[in-house]
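Q: Okay, so here is work21.txt, and as you'll see once you scroll down, it has compact mmCIF, N, CA, C and O atoms.
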# COMPACT_ATOMS: atom_id res chain seq x y z
N MET A 18 0.84 -1.16 0.00
CA MET A 18 0.00 0.00 0.00
C MET A 18 0.89 1.23 0.00
O MET A 18 1.92 1.25 0.66
N LYS A 19 0.49 2.22 -0.77
CA LYS A 19 1.19 3.50 -0.79
C LYS A 19 0.30 4.51 -0.09
O LYS A 19 -0.89 4.62 -0.41
N ALA A 20 0.85 5.23 0.88
CA ALA A 20 0.07 6.20 1.65
C ALA A 20 0.77 7.55 1.65
O ALA A 20 2.00 7.62 1.80
N THR A 21 -0.01 8.62 1.47
CA THR A 21 0.50 9.98 1.61
C THR A 21 -0.13 10.56 2.86
O THR A 21 -1.36 10.58 2.98
N TYR A 22 0.69 11.01 3.78
CA TYR A 22 0.18 11.45 5.07
C TYR A 22 1.11 12.45 5.74
O TYR A 22 2.23 12.69 5.27
N LYS A 23 0.63 13.04 6.83
CA LYS A 23 1.42 13.97 7.62
C LYS A 23 1.06 13.75 9.08
O LYS A 23 -0.12 13.63 9.41
N ILE A 24 2.06 13.68 9.95
CA ILE A 24 1.83 13.53 11.39
C ILE A 24 2.71 14.53 12.12
O ILE A 24 3.93 14.55 11.93
N SER A 25 2.09 15.36 12.93
CA SER A 25 2.84 16.31 13.76
C SER A 25 3.14 15.67 15.10
O SER A 25 2.28 15.01 15.69
N GLY A 26 4.34 15.85 15.59
CA GLY A 26 4.73 15.28 16.88
C GLY A 26 5.43 13.95 16.71
O GLY A 26 5.27 13.27 15.71
N THR A 27 6.21 13.58 17.71
CA THR A 27 7.00 12.36 17.62
C THR A 27 6.31 11.17 18.25
O THR A 27 6.64 10.03 17.95
N VAL A 28 5.36 11.41 19.13
CA VAL A 28 4.70 10.30 19.83
C VAL A 28 3.57 9.71 19.00
O VAL A 28 3.28 8.53 19.06
N LYS A 29 2.94 10.54 18.17
CA LYS A 29 1.78 10.11 17.41
C LYS A 29 2.17 9.26 16.20
O LYS A 29 3.24 9.43 15.64
N SER A 30 1.28 8.37 15.82
CA SER A 30 1.44 7.59 14.60
C SER A 30 0.06 7.11 14.16
O SER A 30 -0.93 7.35 14.84
N ILE A 31 0.01 6.47 13.00
CA ILE A 31 -1.24 5.93 12.47
C ILE A 31 -1.05 4.43 12.27
O ILE A 31 -0.08 4.01 11.62
N ARG A 32 -1.96 3.65 12.81
CA ARG A 32 -1.92 2.21 12.59
C ARG A 32 -2.81 1.87 11.40
O ARG A 32 -3.95 2.32 11.32
N VAL A 33 -2.27 1.09 10.47
CA VAL A 33 -3.02 0.61 9.32
C VAL A 33 -3.33 -0.85 9.57
O VAL A 33 -2.41 -1.65 9.78
N ARG A 34 -4.61 -1.20 9.56
CA ARG A 34 -4.99 -2.58 9.88
C ARG A 34 -5.80 -3.19 8.74
O ARG A 34 -6.69 -2.55 8.19
N MET A 35 -5.46 -4.43 8.40
CA MET A 35 -6.18 -5.17 7.37
C MET A 35 -6.73 -6.43 8.00
O MET A 35 -5.99 -7.19 8.63
N SER A 36 -8.03 -6.64 7.87
CA SER A 36 -8.66 -7.85 8.39
C SER A 36 -9.31 -8.58 7.22
O SER A 36 -10.04 -7.99 6.43
N GLN A 37 -9.02 -9.88 7.14
CA GLN A 37 -9.56 -10.66 6.03
C GLN A 37 -9.63 -12.13 6.44
O GLN A 37 -8.64 -12.70 6.88
N GLY A 38 -10.80 -12.70 6.32
CA GLY A 38 -10.97 -14.12 6.60
C GLY A 38 -10.60 -14.53 8.00
O GLY A 38 -10.02 -15.58 8.21
N GLY A 39 -10.87 -13.67 8.98
CA GLY A 39 -10.56 -13.99 10.36
C GLY A 39 -9.13 -13.72 10.77
O GLY A 39 -8.75 -13.93 11.92
N THR A 40 -8.30 -13.24 9.84
CA THR A 40 -6.91 -12.91 10.13
C THR A 40 -6.71 -11.41 10.03
O THR A 40 -7.23 -10.76 9.13
N SER A 41 -5.96 -10.84 10.97
CA SER A 41 -5.72 -9.41 10.98
C SER A 41 -4.22 -9.14 10.99
O SER A 41 -3.47 -9.79 11.71
N THR A 42 -3.78 -8.21 10.15
CA THR A 42 -2.39 -7.77 10.14
C THR A 42 -2.38 -6.26 10.28
O THR A 42 -3.36 -5.58 9.96
N SER A 43 -1.28 -5.70 10.76
CA SER A 43 -1.21 -4.25 10.90
C SER A 43 0.21 -3.78 10.69
O SER A 43 1.18 -4.54 10.81
N THR A 44 0.32 -2.51 10.37
CA THR A 44 1.60 -1.84 10.24
C THR A 44 1.41 -0.41 10.74
O THR A 44 0.28 0.03 10.97
N THR A 45 2.49 0.32 10.92
CA THR A 45 2.40 1.65 11.51
C THR A 45 3.03 2.70 10.61
O THR A 45 4.13 2.50 10.10
N LEU A 46 2.31 3.81 10.43
CA LEU A 46 2.86 4.98 9.76
C LEU A 46 3.43 5.88 10.85
O LEU A 46 2.71 6.35 11.72
N LEU A 47 4.74 6.10 10.82
CA LEU A 47 5.41 6.83 11.88
C LEU A 47 5.31 8.34 11.69
O LEU A 47 4.99 8.83 10.60
N GLY A 48 5.61 9.08 12.75
CA GLY A 48 5.56 10.54 12.71
C GLY A 48 6.50 11.12 11.67
O GLY A 48 7.55 10.57 11.37
N THR A 49 6.10 12.27 11.10
CA THR A 49 6.86 12.88 10.02
C THR A 49 7.31 14.30 10.35
O THR A 49 7.68 15.05 9.46
N SER A 50 7.23 14.70 11.61
CA SER A 50 7.61 16.06 12.05
C SER A 50 6.83 17.12 11.29
O SER A 50 7.37 18.19 10.98
N GLY A 51 5.60 16.83 10.95
CA GLY A 51 4.74 17.80 10.28
C GLY A 51 4.94 17.91 8.78
O GLY A 51 4.33 18.76 8.14
N LYS A 52 5.77 17.05 8.19
CA LYS A 52 6.01 17.10 6.75
C LYS A 52 5.12 16.09 6.03
O LYS A 52 4.89 14.99 6.52
N LYS A 53 4.63 16.46 4.86
CA LYS A 53 3.81 15.56 4.05
C LYS A 53 4.74 14.59 3.32
O LYS A 53 5.67 15.01 2.64
N VAL A 54 4.51 13.29 3.50
CA VAL A 54 5.37 12.27 2.89
C VAL A 54 4.52 11.20 2.23
O VAL A 54 3.34 11.03 2.54
N THR A 55 5.13 10.48 1.30
CA THR A 55 4.50 9.31 0.68
C THR A 55 5.41 8.11 0.95
O THR A 55 6.61 8.15 0.66
N LYS A 56 4.81 7.06 1.53
CA LYS A 56 5.60 5.88 1.87
C LYS A 56 4.88 4.62 1.44
O LYS A 56 3.65 4.58 1.36
N ASP A 57 5.65 3.59 1.15
CA ASP A 57 5.12 2.26 0.87
C ASP A 57 5.15 1.44 2.16
O ASP A 57 6.18 1.40 2.84
N VAL A 58 4.03 0.84 2.49
CA VAL A 58 3.96 -0.05 3.65
C VAL A 58 3.28 -1.33 3.24
O VAL A 58 2.45 -1.35 2.33
N ALA A 59 3.64 -2.43 3.90
CA ALA A 59 3.08 -3.73 3.55
C ALA A 59 1.88 -4.04 4.45
O ALA A 59 1.94 -3.86 5.66
N VAL A 60 0.80 -4.49 3.83
CA VAL A 60 -0.36 -5.00 4.58
C VAL A 60 -0.69 -6.37 4.00
O VAL A 60 -0.62 -6.59 2.80
N GLY A 61 -1.02 -7.31 4.88
CA GLY A 61 -1.33 -8.66 4.43
C GLY A 61 -2.66 -8.68 3.68
O GLY A 61 -3.65 -8.16 4.15
N TYR A 62 -2.65 -9.28 2.50
CA TYR A 62 -3.88 -9.35 1.70
C TYR A 62 -3.84 -10.60 0.83
O TYR A 62 -2.84 -10.88 0.20
N ARG A 63 -4.95 -11.33 0.84
CA ARG A 63 -5.08 -12.47 -0.07
C ARG A 63 -6.02 -12.06 -1.20
O ARG A 63 -7.03 -11.41 -0.97
N PRO A 64 -5.70 -12.43 -2.44
CA PRO A 64 -6.45 -11.93 -3.59
C PRO A 64 -7.92 -12.35 -3.64
O PRO A 64 -8.70 -11.73 -4.33
N LYS A 65 -8.29 -13.42 -2.94
CA LYS A 65 -9.68 -13.84 -2.98
C LYS A 65 -10.34 -13.57 -1.64
O LYS A 65 -9.74 -13.74 -0.59
N GLY A 66 -11.58 -13.13 -1.67
CA GLY A 66 -12.32 -12.88 -0.44
C GLY A 66 -12.39 -11.41 -0.09
O GLY A 66 -11.57 -10.61 -0.54
N LYS A 67 -13.38 -11.07 0.69
CA LYS A 67 -13.57 -9.68 1.10
C LYS A 67 -12.71 -9.38 2.31
O LYS A 67 -12.47 -10.23 3.15
N GLY A 68 -12.27 -8.15 2.40
CA GLY A 68 -11.47 -7.72 3.53
C GLY A 68 -11.85 -6.32 3.96
O GLY A 68 -12.58 -5.62 3.26
N THR A 69 -11.34 -5.90 5.10
CA THR A 69 -11.59 -4.57 5.63
C THR A 69 -10.26 -3.91 5.94
O THR A 69 -9.41 -4.52 6.59
N LEU A 70 -10.09 -2.70 5.46
CA LEU A 70 -8.89 -1.92 5.72
C LEU A 70 -9.32 -0.70 6.51
O LEU A 70 -10.27 -0.02 6.13
N TRP A 71 -8.63 -0.41 7.63
CA TRP A 71 -8.96 0.80 8.36
C TRP A 71 -7.72 1.40 9.00
O TRP A 71 -6.69 0.77 9.10
N PHE A 72 -7.86 2.65 9.40
CA PHE A 72 -6.77 3.44 9.97
C PHE A 72 -7.20 3.88 11.36
O PHE A 72 -8.35 4.26 11.56
N GLU A 73 -6.28 3.85 12.32
CA GLU A 73 -6.62 4.27 13.67
C GLU A 73 -5.45 5.01 14.29
O GLU A 73 -4.28 4.75 13.95
N PRO A 74 -5.74 5.96 15.20
CA PRO A 74 -4.65 6.70 15.85
C PRO A 74 -3.86 5.78 16.78
O PRO A 74 -4.41 4.86 17.38
N ARG A 75 -2.57 6.04 16.89
CA ARG A 75 -1.72 5.27 17.80
C ARG A 75 -0.78 6.25 18.50
O ARG A 75 -0.39 7.25 17.92
N GLY A 76 -0.45 5.97 19.73
CA GLY A 76 0.42 6.85 20.49
C GLY A 76 -0.36 7.66 21.50
O GLY A 76 0.10 7.92 22.60
N ASP A 77 -1.54 8.10 21.13
CA ASP A 77 -2.51 8.67 22.05
C ASP A 77 -3.89 8.48 21.44
O ASP A 77 -4.02 8.04 20.31
N SER A 78 -4.93 8.78 22.18
CA SER A 78 -6.28 8.45 21.73
C SER A 78 -6.94 9.55 20.89
O SER A 78 -8.06 9.38 20.43
N THR A 79 -6.26 10.67 20.69
CA THR A 79 -6.85 11.75 19.91
C THR A 79 -6.59 11.54 18.42
O THR A 79 -5.70 10.77 18.03
N THR A 80 -7.34 12.23 17.60
CA THR A 80 -7.11 12.17 16.15
C THR A 80 -6.41 13.43 15.65
O THR A 80 -6.14 13.56 14.47
N THR A 81 -6.11 14.37 16.53
CA THR A 81 -5.44 15.61 16.12
C THR A 81 -3.99 15.34 15.75
O THR A 81 -3.37 14.39 16.24
N GLY A 82 -3.48 16.16 14.84
CA GLY A 82 -2.08 16.04 14.45
C GLY A 82 -1.80 14.98 13.42
O GLY A 82 -0.65 14.72 13.10
N ARG A 83 -2.86 14.35 12.89
CA ARG A 83 -2.69 13.31 11.87
C ARG A 83 -3.56 13.63 10.67
O ARG A 83 -4.74 13.89 10.80
N THR A 84 -2.95 13.58 9.49
CA THR A 84 -3.71 13.79 8.25
C THR A 84 -3.33 12.71 7.26
O THR A 84 -2.15 12.54 6.95
N LEU A 85 -4.32 11.97 6.79
CA LEU A 85 -4.12 10.98 5.73
C LEU A 85 -4.68 11.57 4.44
O LEU A 85 -5.88 11.81 4.34
N TYR A 86 -3.83 11.86 3.47
CA TYR A 86 -4.27 12.50 2.23
C TYR A 86 -4.79 11.49 1.22
O TYR A 86 -5.81 11.72 0.59
N SER A 87 -4.09 10.39 1.07
CA SER A 87 -4.51 9.39 0.10
C SER A 87 -3.84 8.06 0.38
O SER A 87 -2.81 8.01 1.08
N PHE A 88 -4.43 7.00 -0.15
CA PHE A 88 -3.79 5.69 -0.07
C PHE A 88 -4.18 4.89 -1.31
O PHE A 88 -5.21 5.14 -1.93
N CYS A 89 -3.33 3.94 -1.67
CA CYS A 89 -3.56 3.13 -2.85
C CYS A 89 -3.08 1.72 -2.56
O CYS A 89 -1.93 1.52 -2.17
N LEU A 90 -3.96 0.74 -2.73
CA LEU A 90 -3.58 -0.66 -2.58
C LEU A 90 -3.07 -1.18 -3.92
O LEU A 90 -3.64 -0.88 -4.96
N TYR A 91 -1.99 -1.93 -3.91
CA TYR A 91 -1.47 -2.52 -5.13
C TYR A 91 -0.77 -3.83 -4.81
O TYR A 91 -0.39 -4.07 -3.67
N ARG A 92 -0.64 -4.67 -5.80
CA ARG A 92 0.09 -5.93 -5.65
C ARG A 92 1.55 -5.72 -5.96
O ARG A 92 1.90 -5.05 -6.93
N SER A 93 2.41 -6.29 -5.14
CA SER A 93 3.85 -6.14 -5.40
C SER A 93 4.41 -7.41 -5.99
O SER A 93 3.76 -8.43 -6.04
Mind converting the file's structure to structure tokens?

A:
Amino acid sequence: MKATYKISGTVKSIRVRMSQGGTSTSTTLLGTSGKKVTKDVAVGYRPKGKGTLWFEPRGDSTTTGRTLYSFCLYRS
């Protein structure tokens, strides 16, 4: 997955979680010191079957200081 995002602060991050067929995997988008960046991150995905992808705050329970501009799933 390719994600473009910005996170202010060093403690905050965004967790990316993929759930499919009873299995869940996750990865973390780390803080960017307020700079907009695009990064490739791996999420577990099987080509057949429905899945759910979601994003959640990590580091603290607030949603402030985090901006997700876009994301794109692709096969590598």

Q: Against segment 33-41 of chain A, which residues of segment 50-80 of chain A fall within 5 Å? For each one I want the closest pair of atoms and the distance in Å (one decimal), counting all atoms listed in the file, rows by chain and increasing residue number, as CSV.

A:
residue,atom,partner,partner_atom,distance
A:Lys67,O,A:Gln37,CA,4.1
A:Gly68,CA,A:Ser36,O,3.2
A:Thr69,N,A:Ser36,O,2.8
A:Leu70,CA,A:Arg34,O,3.4
A:Trp71,O,A:Arg34,N,2.9
A:Phe72,CA,A:Val33,CA,4.7

Q: Mind pulling up the distance from atom C of Cys89 of chain A to atom N of Arg75 of chain A?

A: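 It comes out at 19.9 Å.
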
Q: So how far away is atom CA of Leu90 of chain A from atom CA of Val60 of chain A, in Å?

A: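 Answer for the atom CA of Val60 of chain A to atom CA of Leu90 of chain A separation: 9.0 Å.
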
Q: Considering all atoms listed in the file, state which residue in the set A:Ser25, A:Thr81, A:Ser30, A:Ser93 is at the smallest distance from Gly51 of chain A.

A: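 Of all the options, A:Ser25 lies closest to Gly51 of chain A.
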
Q: Could you state the separation of atom C of Ala59 of chain A and atom N of Tyr86 of chain A in Å, given to one decimal place?

A: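 That distance, rounded to one decimal, is 16.9 Å.
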
Q: Select, from A:Gly66, A:Tyr22, A:Thr44, A:Val28, the residue with the minimum atom-to-atom distance to Arg83 of chain A, counting all atoms listed in the file.

A: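 The closest residue to Arg83 of chain A is A:Tyr22.
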
Q: Using only N, CA, C and O atoms, find the one residue out of A:Lys53, A:Lys29, A:Leu47, A:Lys65 that sits nearest to Thr79 of chain A.

A: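 Closest to Thr79 of chain A of all the choices is A:Lys29.
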
Q: Give me every strand (DSSP E or B) residue in chain A, going by DSSP on the backbone, as a PyMOL selection string.

A: chain A and resi 19-24+30-37+40-46+54-57+68-75+83-89

Q: Can those selected residues be exported to a file as a compact mmCIF listing (two decimals), in the coordinates of the input so that it contains N, CA, C and O atoms?

A:
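Produced file out-v2.txt, reproduced below:
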# COMPACT_ATOMS: atom_id res chain seq x y z
N LYS A 19 0.49 2.22 -0.77
CA LYS A 19 1.19 3.50 -0.79
C LYS A 19 0.30 4.51 -0.09
O LYS A 19 -0.89 4.62 -0.41
N ALA A 20 0.85 5.23 0.88
CA ALA A 20 0.07 6.20 1.65
C ALA A 20 0.77 7.55 1.65
O ALA A 20 2.00 7.62 1.80
N THR A 21 -0.01 8.62 1.47
CA THR A 21 0.50 9.98 1.61
C THR A 21 -0.13 10.56 2.86
O THR A 21 -1.36 10.58 2.98
N TYR A 22 0.69 11.01 3.78
CA TYR A 22 0.18 11.45 5.07
C TYR A 22 1.11 12.45 5.74
O TYR A 22 2.23 12.69 5.27
N LYS A 23 0.63 13.04 6.83
CA LYS A 23 1.42 13.97 7.62
C LYS A 23 1.06 13.75 9.08
O LYS A 23 -0.12 13.63 9.41
N ILE A 24 2.06 13.68 9.95
CA ILE A 24 1.83 13.53 11.39
C ILE A 24 2.71 14.53 12.12
O ILE A 24 3.93 14.55 11.93
N SER A 30 1.28 8.37 15.82
CA SER A 30 1.44 7.59 14.60
C SER A 30 0.06 7.11 14.16
O SER A 30 -0.93 7.35 14.84
N ILE A 31 0.01 6.47 13.00
CA ILE A 31 -1.24 5.93 12.47
C ILE A 31 -1.05 4.43 12.27
O ILE A 31 -0.08 4.01 11.62
N ARG A 32 -1.96 3.65 12.81
CA ARG A 32 -1.92 2.21 12.59
C ARG A 32 -2.81 1.87 11.40
O ARG A 32 -3.95 2.32 11.32
N VAL A 33 -2.27 1.09 10.47
CA VAL A 33 -3.02 0.61 9.32
C VAL A 33 -3.33 -0.85 9.57
O VAL A 33 -2.41 -1.65 9.78
N ARG A 34 -4.61 -1.20 9.56
CA ARG A 34 -4.99 -2.58 9.88
C ARG A 34 -5.80 -3.19 8.74
O ARG A 34 -6.69 -2.55 8.19
N MET A 35 -5.46 -4.43 8.40
CA MET A 35 -6.18 -5.17 7.37
C MET A 35 -6.73 -6.43 8.00
O MET A 35 -5.99 -7.19 8.63
N SER A 36 -8.03 -6.64 7.87
CA SER A 36 -8.66 -7.85 8.39
C SER A 36 -9.31 -8.58 7.22
O SER A 36 -10.04 -7.99 6.43
N GLN A 37 -9.02 -9.88 7.14
CA GLN A 37 -9.56 -10.66 6.03
C GLN A 37 -9.63 -12.13 6.44
O GLN A 37 -8.64 -12.70 6.88
N THR A 40 -8.30 -13.24 9.84
CA THR A 40 -6.91 -12.91 10.13
C THR A 40 -6.71 -11.41 10.03
O THR A 40 -7.23 -10.76 9.13
N SER A 41 -5.96 -10.84 10.97
CA SER A 41 -5.72 -9.41 10.98
C SER A 41 -4.22 -9.14 10.99
O SER A 41 -3.47 -9.79 11.71
N THR A 42 -3.78 -8.21 10.15
CA THR A 42 -2.39 -7.77 10.14
C THR A 42 -2.38 -6.26 10.28
O THR A 42 -3.36 -5.58 9.96
N SER A 43 -1.28 -5.70 10.76
CA SER A 43 -1.21 -4.25 10.90
C SER A 43 0.21 -3.78 10.69
O SER A 43 1.18 -4.54 10.81
N THR A 44 0.32 -2.51 10.37
CA THR A 44 1.60 -1.84 10.24
C THR A 44 1.41 -0.41 10.74
O THR A 44 0.28 0.03 10.97
N THR A 45 2.49 0.32 10.92
CA THR A 45 2.40 1.65 11.51
C THR A 45 3.03 2.70 10.61
O THR A 45 4.13 2.50 10.10
N LEU A 46 2.31 3.81 10.43
CA LEU A 46 2.86 4.98 9.76
C LEU A 46 3.43 5.88 10.85
O LEU A 46 2.71 6.35 11.72
N VAL A 54 4.51 13.29 3.50
CA VAL A 54 5.37 12.27 2.89
C VAL A 54 4.52 11.20 2.23
O VAL A 54 3.34 11.03 2.54
N THR A 55 5.13 10.48 1.30
CA THR A 55 4.50 9.31 0.68
C THR A 55 5.41 8.11 0.95
O THR A 55 6.61 8.15 0.66
N LYS A 56 4.81 7.06 1.53
CA LYS A 56 5.60 5.88 1.87
C LYS A 56 4.88 4.62 1.44
O LYS A 56 3.65 4.58 1.36
N ASP A 57 5.65 3.59 1.15
CA ASP A 57 5.12 2.26 0.87
C ASP A 57 5.15 1.44 2.16
O ASP A 57 6.18 1.40 2.84
N GLY A 68 -12.27 -8.15 2.40
CA GLY A 68 -11.47 -7.72 3.53
C GLY A 68 -11.85 -6.32 3.96
O GLY A 68 -12.58 -5.62 3.26
N THR A 69 -11.34 -5.90 5.10
CA THR A 69 -11.59 -4.57 5.63
C THR A 69 -10.26 -3.91 5.94
O THR A 69 -9.41 -4.52 6.59
N LEU A 70 -10.09 -2.70 5.46
CA LEU A 70 -8.89 -1.92 5.72
C LEU A 70 -9.32 -0.70 6.51
O LEU A 70 -10.27 -0.02 6.13
N TRP A 71 -8.63 -0.41 7.63
CA TRP A 71 -8.96 0.80 8.36
C TRP A 71 -7.72 1.40 9.00
O TRP A 71 -6.69 0.77 9.10
N PHE A 72 -7.86 2.65 9.40
CA PHE A 72 -6.77 3.44 9.97
C PHE A 72 -7.20 3.88 11.36
O PHE A 72 -8.35 4.26 11.56
N GLU A 73 -6.28 3.85 12.32
CA GLU A 73 -6.62 4.27 13.67
C GLU A 73 -5.45 5.01 14.29
O GLU A 73 -4.28 4.75 13.95
N PRO A 74 -5.74 5.96 15.20
CA PRO A 74 -4.65 6.70 15.85
C PRO A 74 -3.86 5.78 16.78
O PRO A 74 -4.41 4.86 17.38
N ARG A 75 -2.57 6.04 16.89
CA ARG A 75 -1.72 5.27 17.80
C ARG A 75 -0.78 6.25 18.50
O ARG A 75 -0.39 7.25 17.92
N ARG A 83 -2.86 14.35 12.89
CA ARG A 83 -2.69 13.31 11.87
C ARG A 83 -3.56 13.63 10.67
O ARG A 83 -4.74 13.89 10.80
N THR A 84 -2.95 13.58 9.49
CA THR A 84 -3.71 13.79 8.25
C THR A 84 -3.33 12.71 7.26
O THR A 84 -2.15 12.54 6.95
N LEU A 85 -4.32 11.97 6.79
CA LEU A 85 -4.12 10.98 5.73
C LEU A 85 -4.68 11.57 4.44
O LEU A 85 -5.88 11.81 4.34
N TYR A 86 -3.83 11.86 3.47
CA TYR A 86 -4.27 12.50 2.23
C TYR A 86 -4.79 11.49 1.22
O TYR A 86 -5.81 11.72 0.59
N SER A 87 -4.09 10.39 1.07
CA SER A 87 -4.51 9.39 0.10
C SER A 87 -3.84 8.06 0.38
O SER A 87 -2.81 8.01 1.08
N PHE A 88 -4.43 7.00 -0.15
CA PHE A 88 -3.79 5.69 -0.07
C PHE A 88 -4.18 4.89 -1.31
O PHE A 88 -5.21 5.14 -1.93
N CYS A 89 -3.33 3.94 -1.67
CA CYS A 89 -3.56 3.13 -2.85
C CYS A 89 -3.08 1.72 -2.56
O CYS A 89 -1.93 1.52 -2.17
